[in-house]
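Peer 1: Just my_file_22.tsv, nothing more (TSV, C-alpha atoms and all ligand atoms):
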chain	number	residue	atom	x	y	z
J	1	MET	CA	-2.26	14.11	-2.79
J	2	ARG	CA	0.56	14.23	-0.27
J	3	ILE	CA	1.97	11.23	1.60
J	4	ASP	CA	4.40	11.61	4.52
J	5	ILE	CA	6.21	8.54	5.79
J	6	ILE	CA	7.93	8.30	9.17
J	7	THR	CA	10.56	5.57	9.24
J	8	VAL	CA	13.75	4.49	10.97
J	9	SER	CA	15.02	3.24	7.60
J	10	PRO	CA	14.42	5.82	4.85
J	11	GLU	CA	16.83	4.07	2.47
J	12	LEU	CA	14.88	0.83	2.77
J	13	ILE	CA	11.62	2.38	1.62
J	14	LYS	CA	12.74	4.89	-1.02
J	15	SER	CA	13.50	2.60	-3.92
J	16	PRO	CA	9.90	1.60	-4.90
J	17	PHE	CA	9.15	5.31	-5.32
J	18	GLU	CA	11.94	5.73	-7.86
J	19	HIS	CA	10.57	3.37	-10.50
J	20	SER	CA	7.69	2.63	-12.82
J	21	ILE	CA	4.14	3.76	-12.11
J	22	ILE	CA	4.75	5.36	-8.69
J	23	LYS	CA	7.62	7.40	-10.10
J	24	ARG	CA	5.38	8.50	-12.95
J	25	GLY	CA	2.76	9.73	-10.47
J	26	ILE	CA	5.43	11.69	-8.61
J	27	ASP	CA	6.99	13.09	-11.80
J	28	LYS	CA	3.55	14.23	-13.00
J	29	LYS	CA	3.08	15.93	-9.60
J	30	LEU	CA	-0.09	13.94	-8.96
J	31	VAL	CA	1.38	12.76	-5.66
J	32	ASP	CA	4.03	14.21	-3.41
J	33	VAL	CA	5.88	11.77	-1.13
J	34	HIS	CA	8.13	12.83	1.77
J	35	PHE	CA	10.26	10.59	4.00
J	36	HIS	CA	11.07	11.53	7.58
J	37	ASP	CA	13.88	9.82	9.46
J	38	LEU	CA	12.71	9.22	13.02
J	39	ARG	CA	16.31	9.52	14.22
J	40	THR	CA	16.15	13.26	13.47
J	41	TYR	CA	13.93	13.40	16.55
J	42	ALA	CA	16.11	11.09	18.67
J	43	LEU	CA	16.50	11.70	22.38
J	44	ASN	CA	20.29	12.02	22.33
J	45	ASP	CA	23.32	12.37	20.05
J	46	TYR	CA	23.54	8.58	19.76
J	47	GLY	CA	20.21	8.54	17.97
J	48	LYS	CA	18.20	6.91	20.74
J	49	ILE	CA	14.66	6.14	19.60
J	50	ASP	CA	13.91	2.79	21.23
J	51	ASP	CA	14.12	1.14	24.63
J	52	TYR	CA	13.42	-2.12	26.50
J	53	GLN	CA	9.81	-2.91	27.21
J	54	PHE	CA	8.37	-2.46	30.69
J	55	GLY	CA	7.58	-5.76	32.34
J	56	GLY	CA	10.39	-7.53	30.51
J	57	GLY	CA	10.42	-9.47	27.28
J	58	ALA	CA	12.53	-9.69	24.15
J	59	GLY	CA	12.68	-6.88	21.61
J	60	MET	CA	13.05	-3.13	21.64
J	61	VAL	CA	10.08	-0.76	21.47
J	62	LEU	CA	10.01	2.57	19.62
J	63	MET	CA	9.62	5.34	22.21
J	64	ILE	CA	6.75	7.82	22.25
J	65	GLU	CA	8.79	11.02	22.52
J	66	PRO	CA	10.61	11.00	19.15
J	67	ILE	CA	7.39	9.94	17.40
J	68	ASP	CA	5.36	12.63	19.18
J	69	LYS	CA	7.89	15.28	18.13
J	70	CYS	CA	7.96	14.11	14.53
J	71	ILE	CA	4.16	13.92	14.24
J	72	ALA	CA	3.81	17.33	15.96
J	73	ALA	CA	6.26	18.90	13.47
J	74	LEU	CA	4.22	17.53	10.56
J	75	THR	CA	0.75	18.25	11.91
J	76	SER	CA	1.79	21.84	12.68
J	77	GLN	CA	2.16	22.33	8.91
J	78	ARG	CA	-0.99	20.61	7.62
J	79	THR	CA	-3.97	18.54	8.66
J	80	TYR	CA	-3.88	14.83	7.90
J	81	ASP	CA	-6.98	12.93	6.82
J	82	GLU	CA	-5.48	9.76	8.29
J	83	ILE	CA	-2.45	8.94	10.43
J	84	ILE	CA	-1.82	5.28	9.68
J	85	TYR	CA	0.34	2.83	11.59
J	86	LEU	CA	1.60	-0.16	9.59
J	87	THR	CA	1.40	-3.23	11.80
J	88	PRO	CA	0.62	-6.94	11.44
J	89	ASP	CA	-2.24	-6.58	13.95
J	90	GLY	CA	-4.07	-3.91	11.95
J	91	GLU	CA	-7.04	-4.29	9.56
J	92	THR	CA	-5.97	-6.22	6.47
J	93	LEU	CA	-5.39	-4.03	3.41
J	94	ASN	CA	-7.84	-4.60	0.57
J	95	GLN	CA	-8.88	-2.84	-2.61
J	96	GLN	CA	-11.70	-0.97	-0.89
J	97	THR	CA	-9.26	0.58	1.58
J	98	ALA	CA	-6.89	1.53	-1.25
J	99	ASN	CA	-9.81	3.14	-3.12
J	100	GLN	CA	-10.84	5.16	-0.04
J	101	LEU	CA	-7.32	6.34	0.74
J	102	SER	CA	-6.65	7.34	-2.88
J	103	LEU	CA	-9.34	10.04	-2.43
J	104	GLN	CA	-7.60	11.70	0.54
J	105	LYS	CA	-5.54	14.87	0.42
J	106	ASN	CA	-2.88	14.26	3.09
J	107	ILE	CA	-1.97	10.99	4.73
J	108	LEU	CA	0.76	10.25	7.23
J	109	LEU	CA	2.23	6.76	7.57
J	110	LEU	CA	4.17	5.51	10.57
J	111	CYS	CA	6.33	2.42	10.04
J	112	GLY	CA	6.84	0.22	13.08
J	113	HIS	CA	10.12	-1.50	13.80
J	114	TYR	CA	11.57	-4.03	16.25
J	115	LYS	CA	8.82	-5.05	18.68
J	116	GLY	CA	6.57	-2.15	17.60
J	117	VAL	CA	5.74	1.23	19.09
J	118	ASP	CA	4.75	2.23	22.61
J	119	GLN	CA	0.98	1.58	22.80
J	120	ARG	CA	0.36	5.22	23.76
J	121	VAL	CA	1.45	6.26	20.24
J	122	ARG	CA	-1.35	4.12	18.86
J	123	ASP	CA	-3.85	5.38	21.42
J	124	LEU	CA	-3.04	9.07	21.06
J	125	PHE	CA	-2.02	9.74	17.47
J	126	ILE	CA	-3.04	6.94	15.13
J	127	THR	CA	-6.39	7.06	13.30
J	128	ARG	CA	-6.08	3.79	11.42
J	129	GLU	CA	-3.93	0.64	11.65
J	130	ILE	CA	-3.23	-1.39	8.53
J	131	SER	CA	-1.60	-4.77	7.92
J	132	ILE	CA	-0.66	-5.96	4.44
J	133	GLY	CA	-1.28	-9.60	5.35
J	134	ASP	CA	-1.18	-12.25	8.02
J	135	TYR	CA	2.58	-12.56	8.32
J	136	VAL	CA	5.19	-10.60	10.21
J	137	LEU	CA	7.70	-8.40	8.39
J	138	SER	CA	10.86	-6.95	9.94
J	139	GLY	CA	9.33	-3.48	9.87
J	140	GLY	CA	6.47	-1.45	8.45
J	141	GLU	CA	8.51	-0.05	5.53
J	142	LEU	CA	7.68	-2.73	2.98
J	143	GLY	CA	4.06	-2.61	4.11
J	144	ALA	CA	4.02	1.17	3.63
J	145	ALA	CA	5.50	0.77	0.13
J	146	VAL	CA	2.81	-1.78	-0.76
J	147	LEU	CA	0.08	0.47	0.63
J	148	CYS	CA	1.41	3.49	-1.29
J	149	ASP	CA	1.62	1.54	-4.55
J	150	SER	CA	-1.97	0.35	-4.18
J	151	ILE	CA	-3.13	3.94	-3.54
J	152	ILE	CA	-1.00	5.90	-6.00
J	153	ARG	CA	-1.88	3.80	-9.06
J	154	LEU	CA	-5.55	4.71	-8.45
J	155	ILE	CA	-5.02	8.49	-8.59
J	156	PRO	CA	-6.54	9.70	-11.88
J	157	GLY	CA	-3.82	10.35	-14.44
J	158	VAL	CA	-1.16	8.12	-12.86
J	159	ILE	CA	-1.96	5.17	-15.09
J	160	GLY	CA	-2.22	6.17	-18.75
J	161	ASP	CA	-5.23	4.06	-19.61
J	162	GLU	CA	-7.82	5.30	-17.09
J	163	THR	CA	-9.89	2.15	-17.36
J	164	SER	CA	-6.98	-0.10	-16.58
J	165	ALA	CA	-6.93	0.41	-12.79
J	166	LEU	CA	-10.69	-0.04	-12.68
J	167	THR	CA	-10.55	-3.45	-14.34
J	168	ASP	CA	-7.97	-4.76	-11.89
J	169	SER	CA	-8.65	-7.87	-9.90
J	170	PHE	CA	-10.74	-7.16	-6.75
J	171	GLN	CA	-12.34	-3.95	-8.06
J	172	ASP	CA	-15.62	-5.83	-8.47
J	173	HIS	CA	-14.92	-8.74	-6.09
J	174	LEU	CA	-13.63	-10.76	-9.04
J	175	LEU	CA	-10.17	-11.88	-10.08
J	176	SER	CA	-9.05	-10.68	-13.52
J	177	PRO	CA	-9.57	-12.89	-16.58
J	178	PRO	CA	-6.46	-14.29	-18.33
J	179	VAL	CA	-4.66	-12.05	-20.84
J	180	TYR	CA	-2.61	-12.97	-23.91
J	181	THR	CA	-0.36	-11.19	-26.41
J	182	ARG	CA	1.53	-12.11	-29.58
J	183	PRO	CA	2.32	-14.65	-30.91
J	184	ALA	CA	-1.11	-16.26	-31.27
J	185	LYS	CA	0.54	-19.67	-31.25
J	186	TYR	CA	3.68	-20.55	-29.28
J	187	LYS	CA	5.12	-24.08	-29.31
J	188	GLY	CA	1.63	-25.42	-29.92
J	189	ALA	CA	0.00	-23.35	-27.15
J	190	GLU	CA	-2.78	-21.26	-28.70
J	191	VAL	CA	-4.61	-18.12	-27.67
J	192	PRO	CA	-8.38	-18.68	-27.19
J	193	GLU	CA	-9.96	-18.14	-30.60
J	194	ILE	CA	-12.60	-15.73	-29.29
J	195	LEU	CA	-9.88	-13.12	-28.50
J	196	LEU	CA	-8.82	-13.08	-32.16
J	197	SER	CA	-12.40	-12.83	-33.46
J	198	GLY	CA	-12.84	-9.05	-33.26
J	199	ASN	CA	-16.31	-9.66	-31.80
J	200	PHE	CA	-16.05	-7.33	-28.81
J	201	PRO	CA	-19.39	-8.06	-27.09
J	202	LYS	CA	-18.55	-11.78	-27.22
J	203	ILE	CA	-15.02	-11.09	-25.96
J	204	GLU	CA	-16.41	-9.17	-22.97
J	205	GLU	CA	-18.80	-12.03	-22.27
J	206	TRP	CA	-15.92	-14.53	-22.41
J	207	ARG	CA	-13.83	-12.37	-20.07
J	208	ALA	CA	-16.67	-12.09	-17.56
J	209	THR	CA	-17.15	-15.86	-17.57
J	210	GLN	CA	-13.43	-16.48	-17.16
J	211	ALA	CA	-13.22	-13.99	-14.28
J	212	LEU	CA	-16.11	-15.72	-12.52
J	213	GLN	CA	-14.69	-19.21	-13.06
J	214	ARG	CA	-11.25	-18.15	-11.82
J	215	THR	CA	-12.72	-16.50	-8.72
J	216	LYS	CA	-14.89	-19.55	-7.92
J	217	LYS	CA	-11.85	-21.78	-8.18
J	218	ILE	CA	-9.15	-19.71	-6.46
J	219	ARG	CA	-10.97	-17.21	-4.18
J	220	PRO	CA	-14.57	-18.36	-3.60
J	221	ASP	CA	-14.61	-16.16	-0.45
J	222	LEU	CA	-14.70	-13.05	-2.67
J	223	LEU	CA	-18.05	-14.09	-4.10
J	224	GLU	CA	-19.58	-14.35	-0.65
J	225	GLU	CA	-18.91	-10.66	0.10
I	1	LIG	N1	4.95	-4.68	10.00
I	1	LIG	C1	5.32	-5.93	10.27
I	1	LIG	N2	4.53	-6.82	9.66
I	1	LIG	C2	3.60	-6.10	8.96
I	1	LIG	C3	2.50	-6.44	8.13
I	1	LIG	N3	2.17	-7.71	7.89
I	1	LIG	N4	1.80	-5.43	7.60
I	1	LIG	C4	2.11	-4.14	7.86
I	1	LIG	N5	3.13	-3.76	8.63
I	1	LIG	C5	3.87	-4.73	9.19
Take the structure in this file and express it as structure tokens.

Peer 2:
Amino acid sequence: MRIDIITVSPELIKSPFEHSIIKRGIDKKLVDVHFHDLRTYALNDYGKIDDYQFGGGAGMVLMIEPIDKCIAALTSQRTYDEIIYLTPDGETLNQQTANQLSLQKNILLLCGHYKGVDQRVRDLFITREISIGDYVLSGGELGAAVLCDSIIRLIPGVIGDETSALTDSFQDHLLSPPVYTRPAKYKGAEVPEILLSGNFPKIEEWRATQALQRTKKIRPDLLEE
């Protein structure tokens, strides 16, 4: 899989790709991530990429021309399955979306900044708009990093234990059951006895019950889906 990311702040977004599971996916060549600085396509030598909004109002807007040029340069080299704009007014990211996107070959992400992008960018080039939650970030970069993490960890081979990503919270509309490790007793706090029993069918049953109870208590909305 290949992911291209258009940003006005490449340094802001690079770090999550240099650590842990995402880095492993890149090192194993299971995913190829490329960052594109929008300023490379600026309108002048001062790096102009944004302007005041028509009709007045606070905040700068990313202009269509640099974005058009950047997208055109990328789409001339390959076809993208999705061109995604990260924005607080997009569809909210969930596990199902991450699952779908993890099956794609090429995706292109556009990070918004300031007041956003000229609406014509969204109308003409974008195939999908994604928000990572109902709050406003300073730009789309952190949202893009979150989206990429949720996708990349699902690519077969990225996580060592193949079953591990499939038993994550949300994969089956349930939160995960609690987990414990050594020591079995810490300052009087004990691990549930069933987990030490070696009775694996019973352990699975316990985990399923715990997952259901947790979901009912914390996220009952998931059970309604
Ligand atoms: N850009 C600003 N806020 C965002 C959000 N909540 N999700 C995705 N991109 C954003």

Peer 1: To one decimal place, how far is CA of Asp32 in chain J from CA of Ala165 in chain J in Å?

Peer 2: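 For CA of Asp32 in chain J relative to CA of Ala165 in chain J, the distance reads 20.0 Å.
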
Peer 1: Do you know which residues are within 9 Å of ligand LIG 1 (chain I) using only C-alpha atoms and all ligand atoms? Can you write them as number ranges by chain?

Peer 2: J: 85-90, 92-93, 111-114, 116, 129-144, 146-147

Peer 1: Which residues come within 10 Å of Trp206 in chain J, counting all atoms listed in the file, excluding same-chain residues fewer than 5 positions away, as a tab-separated table (two decimals) with C-alpha atoms, in the frame of the given file?

Peer 2:
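Below is the file result-v5.tsv, written as the result:
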chain	number	residue	atom	x	y	z
J	177	PRO	CA	-9.57	-12.89	-16.58
J	192	PRO	CA	-8.38	-18.68	-27.19
J	194	ILE	CA	-12.60	-15.73	-29.29
J	195	LEU	CA	-9.88	-13.12	-28.50
J	200	PHE	CA	-16.05	-7.33	-28.81
J	201	PRO	CA	-19.39	-8.06	-27.09
J	211	ALA	CA	-13.22	-13.99	-14.28
J	212	LEU	CA	-16.11	-15.72	-12.52

Peer 1: So that I can see what lies close to Lys14 in chain J, please list as a CSV table (one decimal) with C-alpha atoms, in the coordinates of the input the residues with an atom at most 12 Å from it, counting all atoms listed in the file and leaving out residues fewer than 2 positions away in the same chain.

Peer 2:
chain,number,residue,atom,x,y,z
J,5,ILE,CA,6.2,8.5,5.8
J,6,ILE,CA,7.9,8.3,9.2
J,7,THR,CA,10.6,5.6,9.2
J,9,SER,CA,15.0,3.2,7.6
J,10,PRO,CA,14.4,5.8,4.8
J,11,GLU,CA,16.8,4.1,2.5
J,12,LEU,CA,14.9,0.8,2.8
J,16,PRO,CA,9.9,1.6,-4.9
J,17,PHE,CA,9.2,5.3,-5.3
J,18,GLU,CA,11.9,5.7,-7.9
J,19,HIS,CA,10.6,3.4,-10.5
J,22,ILE,CA,4.8,5.4,-8.7
J,23,LYS,CA,7.6,7.4,-10.1
J,33,VAL,CA,5.9,11.8,-1.1
J,34,HIS,CA,8.1,12.8,1.8
J,35,PHE,CA,10.3,10.6,4.0
J,36,HIS,CA,11.1,11.5,7.6
J,37,ASP,CA,13.9,9.8,9.5
J,141,GLU,CA,8.5,0.0,5.5
J,142,LEU,CA,7.7,-2.7,3.0
J,144,ALA,CA,4.0,1.2,3.6
J,145,ALA,CA,5.5,0.8,0.1
J,146,VAL,CA,2.8,-1.8,-0.8
J,148,CYS,CA,1.4,3.5,-1.3

Peer 1: So what do you get for CA of Gly25 in chain J versus CA of Leu166 in chain J, distance-wise?

Peer 2: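 Atom-to-atom, CA of Gly25 in chain J and CA of Leu166 in chain J are spaced 16.8 Å apart.
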
Peer 1: Can you list, as a PyMOL selection string, every protein, DNA or RNA residue that comes within 12 Å of Gln96 in chain J when you count all atoms listed in the file, leaving out same-chain residues fewer than 2 positions away?

Peer 2: chain J and resi 91-94+98-103+147+150-151+154+166+169-173

Peer 1: Would you compute the distance between CA of Leu175 in chain J and CA of Gln95 in chain J? Give it in Å to one decimal.

Peer 2: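 Interatomic distance here is 11.8 Å.
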
Peer 1: Counting all atoms listed in the file, which of J:Tyr46, J:Tyr180, J:Tyr80, J:Tyr41 gets nearest to Thr127 in chain J?

Peer 2: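 Closest to Thr127 in chain J, using all atoms listed in the file: J:Tyr80.
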
Peer 1: Applying 7 Å and all atoms listed in the file, which residues near Leu108 in chain J remain after dropping the ones on its own chain fewer than 4 positions away? List them as JSON, numbers by chain.

Peer 2: {"J": [3, 4, 5, 80, 82, 83, 84]}

Peer 1: Which residue is closest to Ala72 in chain J? Choose from J:Asn44, J:Lys217, J:Phe125, J:Val179 and count only C-alpha atoms.

Peer 2: J:Phe125

Peer 1: Listed atoms of range 93-105 of chain J, axis-aligned box, 8 Å per side: centre and edge lengths to one decimal in Å, as lines of an AutoDock Vina configuration file?

Peer 2:
center_x = -8.5
center_y = 5.1
center_z = 0.1
size_x = 22.3
size_y = 35.5
size_z = 22.5

Peer 1: Using all atoms listed in the file, which of the listed residues (J:Gln210, J:Ser15, J:Ser197, J:Ser76) sits closest to Ser176 in chain J?

Peer 2: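 Among J:Gln210, J:Ser15, J:Ser197, J:Ser76, it is J:Gln210 that comes nearest to Ser176 in chain J.
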
Peer 1: Show me, as an mmCIF file with C-alpha atoms, in the frame of the given file, the residues that have an atom within 12 Å of Leu196 in chain J when counting all atoms listed in the file, minus same-chain residues fewer than 3 positions from it.

Peer 2:
data_model
loop_
_atom_site.group_PDB
_atom_site.id
_atom_site.type_symbol
_atom_site.label_atom_id
_atom_site.label_comp_id
_atom_site.auth_asym_id
_atom_site.auth_seq_id
_atom_site.Cartn_x
_atom_site.Cartn_y
_atom_site.Cartn_z
ATOM 1 C CA TYR J 180 -2.610 -12.970 -23.910
ATOM 2 C CA THR J 181 -0.360 -11.190 -26.410
ATOM 3 C CA ARG J 182 1.530 -12.110 -29.580
ATOM 4 C CA PRO J 183 2.320 -14.650 -30.910
ATOM 5 C CA ALA J 184 -1.110 -16.260 -31.270
ATOM 6 C CA LYS J 185 0.540 -19.670 -31.250
ATOM 7 C CA GLU J 190 -2.780 -21.260 -28.700
ATOM 8 C CA VAL J 191 -4.610 -18.120 -27.670
ATOM 9 C CA PRO J 192 -8.380 -18.680 -27.190
ATOM 10 C CA GLU J 193 -9.960 -18.140 -30.600
ATOM 11 C CA ASN J 199 -16.310 -9.660 -31.800
ATOM 12 C CA PHE J 200 -16.050 -7.330 -28.810
ATOM 13 C CA LYS J 202 -18.550 -11.780 -27.220
ATOM 14 C CA ILE J 203 -15.020 -11.090 -25.960
#

Peer 1: When distances are computed from all atoms listed in the file, which of J:Leu109, J:Ile21, J:Ile49, J:Val8 shows the smallest separation from Ile64 in chain J?

Peer 2: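 Comparing J:Leu109, J:Ile21, J:Ile49, J:Val8 against Ile64 in chain J, the winner is J:Ile49.
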
Peer 1: For each of J:Gly198, J:Leu174, J:Gly157, J:Thr75, take the minimum atom-to-atom distance to Arg214 in chain J, counting all atoms listed in the file, then give the residue where this is smallest.

Peer 2: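 Looking only at the distances to Arg214 in chain J, the closest residue turns out to be J:Leu174.
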